[in-house]
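Structure file work-v9.pdb (PDB, C-alpha atoms) follows.
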ATOM      1  CA  MET A   1       5.587 -23.710  13.797
ATOM      2  CA  LYS A   2       7.240 -26.797  15.254
ATOM      3  CA  VAL A   3       9.412 -29.416  13.576
ATOM      4  CA  GLN A   4      10.520 -32.923  14.395
ATOM      5  CA  VAL A   5      12.850 -35.362  12.707
ATOM      6  CA  ILE A   6      11.469 -38.839  12.133
ATOM      7  CA  SER A   7      14.587 -40.842  12.948
ATOM      8  CA  ASP A   8      13.367 -43.949  11.098
ATOM      9  CA  LEU A   9      13.395 -41.927   7.855
ATOM     10  CA  CYS A  10      16.578 -39.921   8.434
ATOM     11  CA  ILE A  11      19.622 -41.072   6.461
ATOM     12  CA  GLY A  12      21.988 -38.547   8.043
ATOM     13  CA  CYS A  13      22.742 -36.537   4.916
ATOM     14  CA  GLY A  14      23.154 -33.384   7.033
ATOM     15  CA  ALA A  15      21.309 -31.010   4.712
ATOM     16  CA  CYS A  16      19.036 -29.756   7.482
ATOM     17  CA  HIS A  17      21.986 -29.007   9.759
ATOM     18  CA  ALA A  18      23.836 -27.236   6.942
ATOM     19  CA  ILE A  19      20.776 -25.102   6.123
ATOM     20  CA  ALA A  20      19.502 -24.380   9.658
ATOM     21  CA  PRO A  21      22.253 -25.143  12.216
ATOM     22  CA  GLU A  22      20.442 -23.089  14.856
ATOM     23  CA  VAL A  23      17.609 -25.642  14.807
ATOM     24  CA  PHE A  24      19.076 -28.972  13.638
ATOM     25  CA  ASP A  25      22.116 -30.935  14.732
ATOM     26  CA  MET A  26      23.491 -34.424  14.196
ATOM     27  CA  ASN A  27      23.658 -37.028  16.969
ATOM     28  CA  ASP A  28      26.418 -39.569  17.671
ATOM     29  CA  GLU A  29      24.735 -42.023  15.300
ATOM     30  CA  GLY A  30      24.938 -39.493  12.466
ATOM     31  CA  LEU A  31      21.204 -38.783  12.399
ATOM     32  CA  ALA A  32      19.570 -35.379  12.572
ATOM     33  CA  TYR A  33      17.567 -34.103  15.504
ATOM     34  CA  VAL A  34      15.883 -30.845  16.508
ATOM     35  CA  LYS A  35      18.028 -29.003  19.043
ATOM     36  CA  SER A  36      15.139 -26.820  20.164
ATOM     37  CA  ASN A  37      11.824 -25.721  18.738
ATOM     38  CA  ASP A  38      12.429 -22.380  20.486
ATOM     39  CA  ASN A  39      14.650 -21.340  17.553
ATOM     40  CA  VAL A  40      12.232 -22.326  14.779
ATOM     41  CA  GLU A  41      10.283 -19.065  14.469
ATOM     42  CA  ASN A  42      13.460 -16.957  14.363
ATOM     43  CA  ASN A  43      14.813 -19.168  11.567
ATOM     44  CA  LYS A  44      11.543 -19.918   9.788
ATOM     45  CA  ASP A  45      12.785 -19.456   6.214
ATOM     46  CA  ALA A  46      15.827 -21.682   6.791
ATOM     47  CA  VAL A  47      13.674 -24.324   8.497
ATOM     48  CA  ILE A  48      11.254 -24.389   5.561
ATOM     49  CA  ASP A  49      14.232 -24.755   3.194
ATOM     50  CA  ALA A  50      15.533 -27.626   5.334
ATOM     51  CA  VAL A  51      12.142 -29.367   5.301
ATOM     52  CA  GLU A  52      11.912 -29.026   1.526
ATOM     53  CA  SER A  53      15.547 -30.142   1.033
ATOM     54  CA  CYS A  54      15.322 -33.347   3.064
ATOM     55  CA  PRO A  55      15.752 -36.196   0.554
ATOM     56  CA  THR A  56      13.682 -38.641   2.614
ATOM     57  CA  SER A  57      11.026 -36.219   3.953
ATOM     58  CA  ALA A  58      12.169 -37.037   7.489
ATOM     59  CA  ILE A  59      11.367 -33.584   8.845
ATOM     60  CA  GLU A  60       7.768 -33.059   9.876
ATOM     61  CA  LYS A  61       6.483 -29.499  10.204
ATOM     62  CA  THR A  62       3.356 -28.581  12.156
ATOM     63  CA  GLU A  63       1.705 -25.246  12.759
ATOM     64  CA  ASN A  64       0.878 -24.517  16.385
TER      65      ASN A  64
END
Please express the file's structure as structure tokens.
Amino acid sequence: MKVQVISDLCIGCGACHAIAPEVFDMNDEGLAYVKSNDNVENNKDAVIDAVESCPTSAIEKTEN
């Protein structure tokens, strides 16, 4: 599984970072980004929770 944050949809609420800090972080503009897709599989449950918790559906999940 891979994830990406669609920055045009992100409002910077920080839910994804709070739920899966190993995968998501916040940039200087206050928007979320994926630190590394290498950590996604090891944190799969948290990543799925983050995707489902995003209020603007800014996190896109794809199966590889």
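For the atom pair formed by CA of Lys35 (chain A) and CA of Ala20 (chain A), the distance is 10.6 Å, given to one decimal.
Selection check: the PyMOL selection byres ((chain A and resi 51) around 10) on the shown file gives Val3, Gln4, Val5, Ala15, Cys16, Ile19, Ala20, Asp45, Ala46, Val47, Ile48, Asp49, Ala50, Glu52, Ser53, Cys54, Pro55, Thr56, Ser57, Ala58, Ile59, Glu60 and Lys61 of chain A.
In this model, the gap between CA of Cys10 (chain A) and CA of Met26 (chain A) comes to 10.5 Å.
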Centre, edges in Å (one decimal): axis-aligned box, region 21-39 of chain A, 5 Å padding on all six sides, as lines of an AutoDock Vina configuration file:
center_x = 19.1
center_y = -31.7
center_z = 16.4
size_x = 24.6
size_y = 30.7
size_z = 18.3
Worksheet item: Between A:Ile6, A:Met1, A:Thr62, A:Cys13, which is the closest to Asn39 (chain A) once you count all atoms listed in the file?
Response: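 Looking at the shortest contact to Asn39 (chain A), the residue is A:Met1.
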Practice prompt. Take CA of Lys44 (chain A) and CA of Ile11 (chain A) and report the distance between them in Å, one decimal.
Written response: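 Calculated distance between CA of Lys44 (chain A) and CA of Ile11 (chain A) is 22.9 Å.
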Worksheet entry | Shortest interatomic distance to Asp8 (chain A) - which of A:Asn43, A:Asp38, A:Leu31, A:Glu63, counting all atoms listed in the file |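 Looking at the shortest contact to Asp8 (chain A), the residue is A:Leu31.
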Worksheet item: How would you write, as a ChimeraX atom specification, the residues chosen by the PyMOL selection byres ((chain A and resi 24) around 6) on this structure?
Response: /A:17,21,23,25,33-35
Worksheet item: For Asn42 (chain A), which of A:Lys2, A:Ala18, A:Gly30, A:Leu9 is the closest residue, counting only C-alpha atoms?
Response: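 Ranked by minimum distance to Asn42 (chain A), first place goes to A:Lys2.
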Could you give me region 22-33 of chain A completed to all heavy atoms, formatted as a CSV table (one decimal), in the frame of the given file?
chain,number,residue,atom,x,y,z
A,22,GLU,N,21.0,-23.6,13.6
A,22,GLU,CA,20.4,-23.1,14.9
A,22,GLU,C,19.3,-24.0,15.4
A,22,GLU,O,19.0,-24.0,16.6
A,22,GLU,CB,19.9,-21.7,14.7
A,22,GLU,CG,20.9,-20.6,14.2
A,22,GLU,CD,21.1,-20.6,12.7
A,22,GLU,OE1,20.4,-21.4,12.0
A,22,GLU,OE2,22.0,-19.9,12.3
A,23,VAL,N,18.8,-24.8,14.5
A,23,VAL,CA,17.6,-25.6,14.8
A,23,VAL,C,18.0,-27.1,14.8
A,23,VAL,O,17.6,-27.9,15.7
A,23,VAL,CB,16.4,-25.4,13.8
A,23,VAL,CG1,15.3,-26.3,14.1
A,23,VAL,CG2,16.0,-23.9,13.9
A,24,PHE,N,18.8,-27.6,13.8
A,24,PHE,CA,19.1,-29.0,13.6
A,24,PHE,C,20.5,-29.3,14.0
A,24,PHE,O,21.4,-28.4,13.7
A,24,PHE,CB,18.8,-29.4,12.2
A,24,PHE,CG,17.4,-29.2,11.8
A,24,PHE,CD1,17.0,-28.1,11.0
A,24,PHE,CD2,16.4,-30.1,12.1
A,24,PHE,CE1,15.7,-27.9,10.6
A,24,PHE,CE2,15.1,-30.0,11.7
A,24,PHE,CZ,14.7,-28.9,11.0
A,25,ASP,N,20.8,-30.5,14.5
A,25,ASP,CA,22.1,-30.9,14.7
A,25,ASP,C,22.1,-32.4,14.4
A,25,ASP,O,21.1,-33.0,14.1
A,25,ASP,CB,22.5,-30.7,16.2
A,25,ASP,CG,24.0,-30.6,16.3
A,25,ASP,OD1,24.8,-30.9,15.4
A,25,ASP,OD2,24.5,-30.2,17.4
A,26,MET,N,23.3,-33.0,14.5
A,26,MET,CA,23.5,-34.4,14.2
A,26,MET,C,23.9,-35.1,15.5
A,26,MET,O,24.8,-34.6,16.2
A,26,MET,CB,24.6,-34.6,13.1
A,26,MET,CG,24.3,-33.8,11.8
A,26,MET,SD,22.8,-34.2,11.0
A,26,MET,CE,23.1,-35.7,10.3
A,27,ASN,N,23.3,-36.3,15.7
A,27,ASN,CA,23.7,-37.0,17.0
A,27,ASN,C,24.9,-37.9,16.7
A,27,ASN,O,25.4,-38.0,15.6
A,27,ASN,CB,22.5,-37.8,17.5
A,27,ASN,CG,22.0,-38.9,16.6
A,27,ASN,OD1,22.7,-39.4,15.7
A,27,ASN,ND2,20.7,-39.3,16.8
A,28,ASP,N,25.2,-38.7,17.8
A,28,ASP,CA,26.4,-39.6,17.7
A,28,ASP,C,26.3,-40.7,16.6
A,28,ASP,O,27.2,-41.3,16.2
A,28,ASP,CB,26.7,-40.2,19.0
A,28,ASP,CG,27.2,-39.1,20.0
A,28,ASP,OD1,27.7,-38.1,19.6
A,28,ASP,OD2,27.1,-39.4,21.3
A,29,GLU,N,25.0,-41.0,16.3
A,29,GLU,CA,24.7,-42.0,15.3
A,29,GLU,C,24.7,-41.5,13.9
A,29,GLU,O,24.5,-42.2,12.9
A,29,GLU,CB,23.4,-42.7,15.6
A,29,GLU,CG,23.4,-43.4,16.9
A,29,GLU,CD,22.0,-43.9,17.3
A,29,GLU,OE1,21.0,-43.6,16.6
A,29,GLU,OE2,21.9,-44.6,18.4
A,30,GLY,N,24.9,-40.1,13.8
A,30,GLY,CA,24.9,-39.5,12.5
A,30,GLY,C,23.6,-39.1,11.9
A,30,GLY,O,23.4,-38.8,10.8
A,31,LEU,N,22.6,-39.1,12.8
A,31,LEU,CA,21.2,-38.8,12.4
A,31,LEU,C,20.8,-37.4,12.9
A,31,LEU,O,21.3,-37.0,14.0
A,31,LEU,CB,20.2,-39.8,12.9
A,31,LEU,CG,20.4,-41.3,12.5
A,31,LEU,CD1,19.4,-42.2,13.1
A,31,LEU,CD2,20.4,-41.4,11.0
A,32,ALA,N,20.0,-36.7,12.2
A,32,ALA,CA,19.6,-35.4,12.6
A,32,ALA,C,18.6,-35.4,13.7
A,32,ALA,O,17.8,-36.4,13.9
A,32,ALA,CB,19.0,-34.7,11.4
A,33,TYR,N,18.6,-34.3,14.5
A,33,TYR,CA,17.6,-34.1,15.5
A,33,TYR,C,17.3,-32.6,15.7
A,33,TYR,O,18.2,-31.8,15.2
A,33,TYR,CB,18.0,-34.7,16.8
A,33,TYR,CG,19.1,-34.1,17.5
A,33,TYR,CD1,18.9,-33.1,18.5
A,33,TYR,CD2,20.4,-34.4,17.2
A,33,TYR,CE1,20.0,-32.5,19.1
A,33,TYR,CE2,21.5,-33.8,17.9
A,33,TYR,CZ,21.3,-32.9,18.8
A,33,TYR,OH,22.3,-32.3,19.4
